[in-house]
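See below for the structure under consideration.
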Amino acid sequence: MPMTRLPSLIVLASLILSACASSKLNRFSDVQTGMTKEEVRSVLGAPSSTFTREVDDRGRVVRLERWQYGDTPGTFMTGALFSEYPSNRVWAIYFDEAGVVLDVAEPQWETDRPEPLVPSPIPPRDS
């Protein structure tokens, strides 16, 4: 493949992937409380990670069953280490013991970034 075609293919692949991602984002509004797992899967497809319902020895629910969509390597690691704490960086769908949707939580992105510990060596563009 000639090198001149490679950048074009990368741009095309990026456009296709972003279109798929935005299409999936629009479908989250179609998921409603009371839907079954099969209905959720038919709307959104397979989740990127799943967490089973967990009950302690007294019968108290420690963790609801949760499906996550949009995981990154960081959210996968957080889920592996702290599975009872859902990531606020992914879509999460919670199910009751019968497999019915209880809640749909969208990602909560931080709008304010903390000040960096070390100043950037790159000067700002607006100076």
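All residue names refer to the structure tokens as shown: chains lettered A, B, ... in order, residues numbered from 1 in each chain, ligands numbered from 1 in order.
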
Skip A:Pro73 itself and residues of its chain fewer than 4 positions away, then list as a compact mmCIF listing (two decimals) with N, CA and C atoms, in the first residue's frame all residues within 12 Å of it, counting only C-alpha atoms.
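File out_27.txt, as written:
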```txt
# COMPACT_ATOMS: atom_id res chain seq x y z
N SER A 48 -19.23 -3.60 27.53
CA SER A 48 -17.77 -3.75 27.53
C SER A 48 -17.30 -4.45 28.80
N SER A 49 -18.07 -4.38 29.89
CA SER A 49 -17.76 -5.15 31.09
C SER A 49 -19.04 -5.39 31.87
N MET A 77 -9.23 -1.64 34.81
CA MET A 77 -8.39 -1.88 35.99
C MET A 77 -9.11 -1.46 37.27
N THR A 78 -9.78 -0.32 37.23
CA THR A 78 -10.53 0.12 38.41
C THR A 78 -11.61 -0.90 38.75
N GLY A 79 -12.30 -1.38 37.74
CA GLY A 79 -13.34 -2.39 37.97
C GLY A 79 -12.79 -3.68 38.53
N ALA A 80 -11.60 -4.08 38.08
CA ALA A 80 -10.99 -5.31 38.59
C ALA A 80 -10.60 -5.17 40.06
N SER A 87 -17.36 3.08 37.88
CA SER A 87 -16.63 4.20 37.31
C SER A 87 -17.61 5.28 36.87
N ARG A 89 -16.82 7.26 34.54
CA ARG A 89 -16.33 7.56 33.20
C ARG A 89 -17.00 6.72 32.11
N VAL A 90 -17.96 5.88 32.49
CA VAL A 90 -18.62 5.00 31.52
C VAL A 90 -20.13 5.05 31.73
```

>> Report as a ChimeraX atom specification all protein, DNA and RNA residues lying within 8 Å of A:Leu64, evaluated on only C-alpha atoms, omitting residues in the same chain fewer than 6 positions from it.
In response: /A:51-54,94-96

Check stretch 13-114 of chain A with DSSP on the backbone and list each residue it calls strand (DSSP E), as a short mmCIF file (atom, residue, chain, number, x, y, z; two decimals) with C-alpha atoms, in the first residue's frame.
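Below is the file that was written, result32.cif:
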```
data_model
loop_
_atom_site.label_atom_id
_atom_site.label_comp_id
_atom_site.auth_asym_id
_atom_site.auth_seq_id
_atom_site.Cartn_x
_atom_site.Cartn_y
_atom_site.Cartn_z
CA SER A 49 -17.76 -5.15 31.09
CA THR A 50 -20.21 -6.79 33.48
CA PHE A 51 -20.38 -7.12 37.25
CA GLU A 54 -23.23 -9.71 45.13
CA VAL A 55 -24.89 -10.44 48.47
CA VAL A 61 -26.92 -6.55 48.58
CA VAL A 62 -23.29 -5.43 48.42
CA ARG A 63 -23.26 -4.78 44.68
CA GLU A 65 -25.60 -6.32 38.80
CA ARG A 66 -24.11 -3.72 36.47
CA TRP A 67 -23.31 -3.58 32.77
CA GLN A 68 -20.84 -0.95 31.62
CA TYR A 69 -20.40 0.51 28.15
CA TRP A 91 -22.29 4.37 30.91
CA ALA A 92 -23.63 2.00 33.59
CA ILE A 93 -26.89 0.06 33.58
CA TYR A 94 -28.05 -1.46 36.88
CA PHE A 95 -30.30 -4.51 37.12
CA VAL A 101 -33.23 -2.32 34.55
CA LEU A 102 -33.30 -0.28 37.75
CA ASP A 103 -31.26 2.70 36.59
CA VAL A 104 -29.15 4.05 33.74
CA ALA A 105 -26.20 6.26 34.70
#
```

> Where in stretch 30-69 of chain A does DSSP assign alpha helix (DSSP H), given as a list in words?
Replying inline: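 Everything in stretch 30-69 of chain A that counts as alpha helix (DSSP H) is Lys37, Glu38, Glu39, Val40, Arg41, Ser42, Val43 and Leu44 of chain A.
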
Could those residues be written to a file, using N, CA and C atoms, as a PDB file, in the first residue's frame?
```pdb
ATOM      1  N   LYS A  37     -32.738  -7.616  30.303  1.00  0.00           N
ATOM      2  CA  LYS A  37     -31.365  -7.658  29.780  1.00  0.00           C
ATOM      3  C   LYS A  37     -31.371  -7.886  28.268  1.00  0.00           C
ATOM      4  N   GLU A  38     -32.265  -8.745  27.800  1.00  0.00           N
ATOM      5  CA  GLU A  38     -32.344  -9.028  26.364  1.00  0.00           C
ATOM      6  C   GLU A  38     -32.721  -7.773  25.578  1.00  0.00           C
ATOM      7  N   GLU A  39     -33.628  -6.995  26.129  1.00  0.00           N
ATOM      8  CA  GLU A  39     -34.029  -5.753  25.460  1.00  0.00           C
ATOM      9  C   GLU A  39     -32.867  -4.755  25.431  1.00  0.00           C
ATOM     10  N   VAL A  40     -32.130  -4.658  26.537  1.00  0.00           N
ATOM     11  CA  VAL A  40     -30.973  -3.753  26.581  1.00  0.00           C
ATOM     12  C   VAL A  40     -29.935  -4.186  25.556  1.00  0.00           C
ATOM     13  N   ARG A  41     -29.656  -5.487  25.519  1.00  0.00           N
ATOM     14  CA  ARG A  41     -28.664  -6.001  24.565  1.00  0.00           C
ATOM     15  C   ARG A  41     -29.108  -5.757  23.129  1.00  0.00           C
ATOM     16  N   SER A  42     -30.400  -5.834  22.854  1.00  0.00           N
ATOM     17  CA  SER A  42     -30.865  -5.599  21.482  1.00  0.00           C
ATOM     18  C   SER A  42     -30.723  -4.129  21.092  1.00  0.00           C
ATOM     19  N   VAL A  43     -30.790  -3.229  22.076  1.00  0.00           N
ATOM     20  CA  VAL A  43     -30.642  -1.797  21.792  1.00  0.00           C
ATOM     21  C   VAL A  43     -29.169  -1.399  21.717  1.00  0.00           C
ATOM     22  N   LEU A  44     -28.361  -1.855  22.682  1.00  0.00           N
ATOM     23  CA  LEU A  44     -26.978  -1.378  22.806  1.00  0.00           C
ATOM     24  C   LEU A  44     -25.910  -2.369  22.377  1.00  0.00           C
TER      25      LEU A  44
END
```

> How many Å separate atom CA of A:Pro47 from atom CA of A:Gly70?
Replying inline: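 Distance reported for this atom pair: 8.1 Å.
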
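With distances restricted to only C-alpha atoms, A:Pro86 is the closest residue to A:Gln108 from A:Gly45, A:Gly74, A:Gly59, A:Pro86.
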
>> Report, in Å with one decimal, the straight-line distance from atom CA of A:Ala98 to atom CA of A:Asn26.
In response: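 We find that atom CA of A:Ala98 and atom CA of A:Asn26 lie 26.4 Å from each other.
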
> So what do you get for atom CA of A:Pro107 versus atom CA of A:Thr36, distance-wise?
Replying inline: 21.6 Å
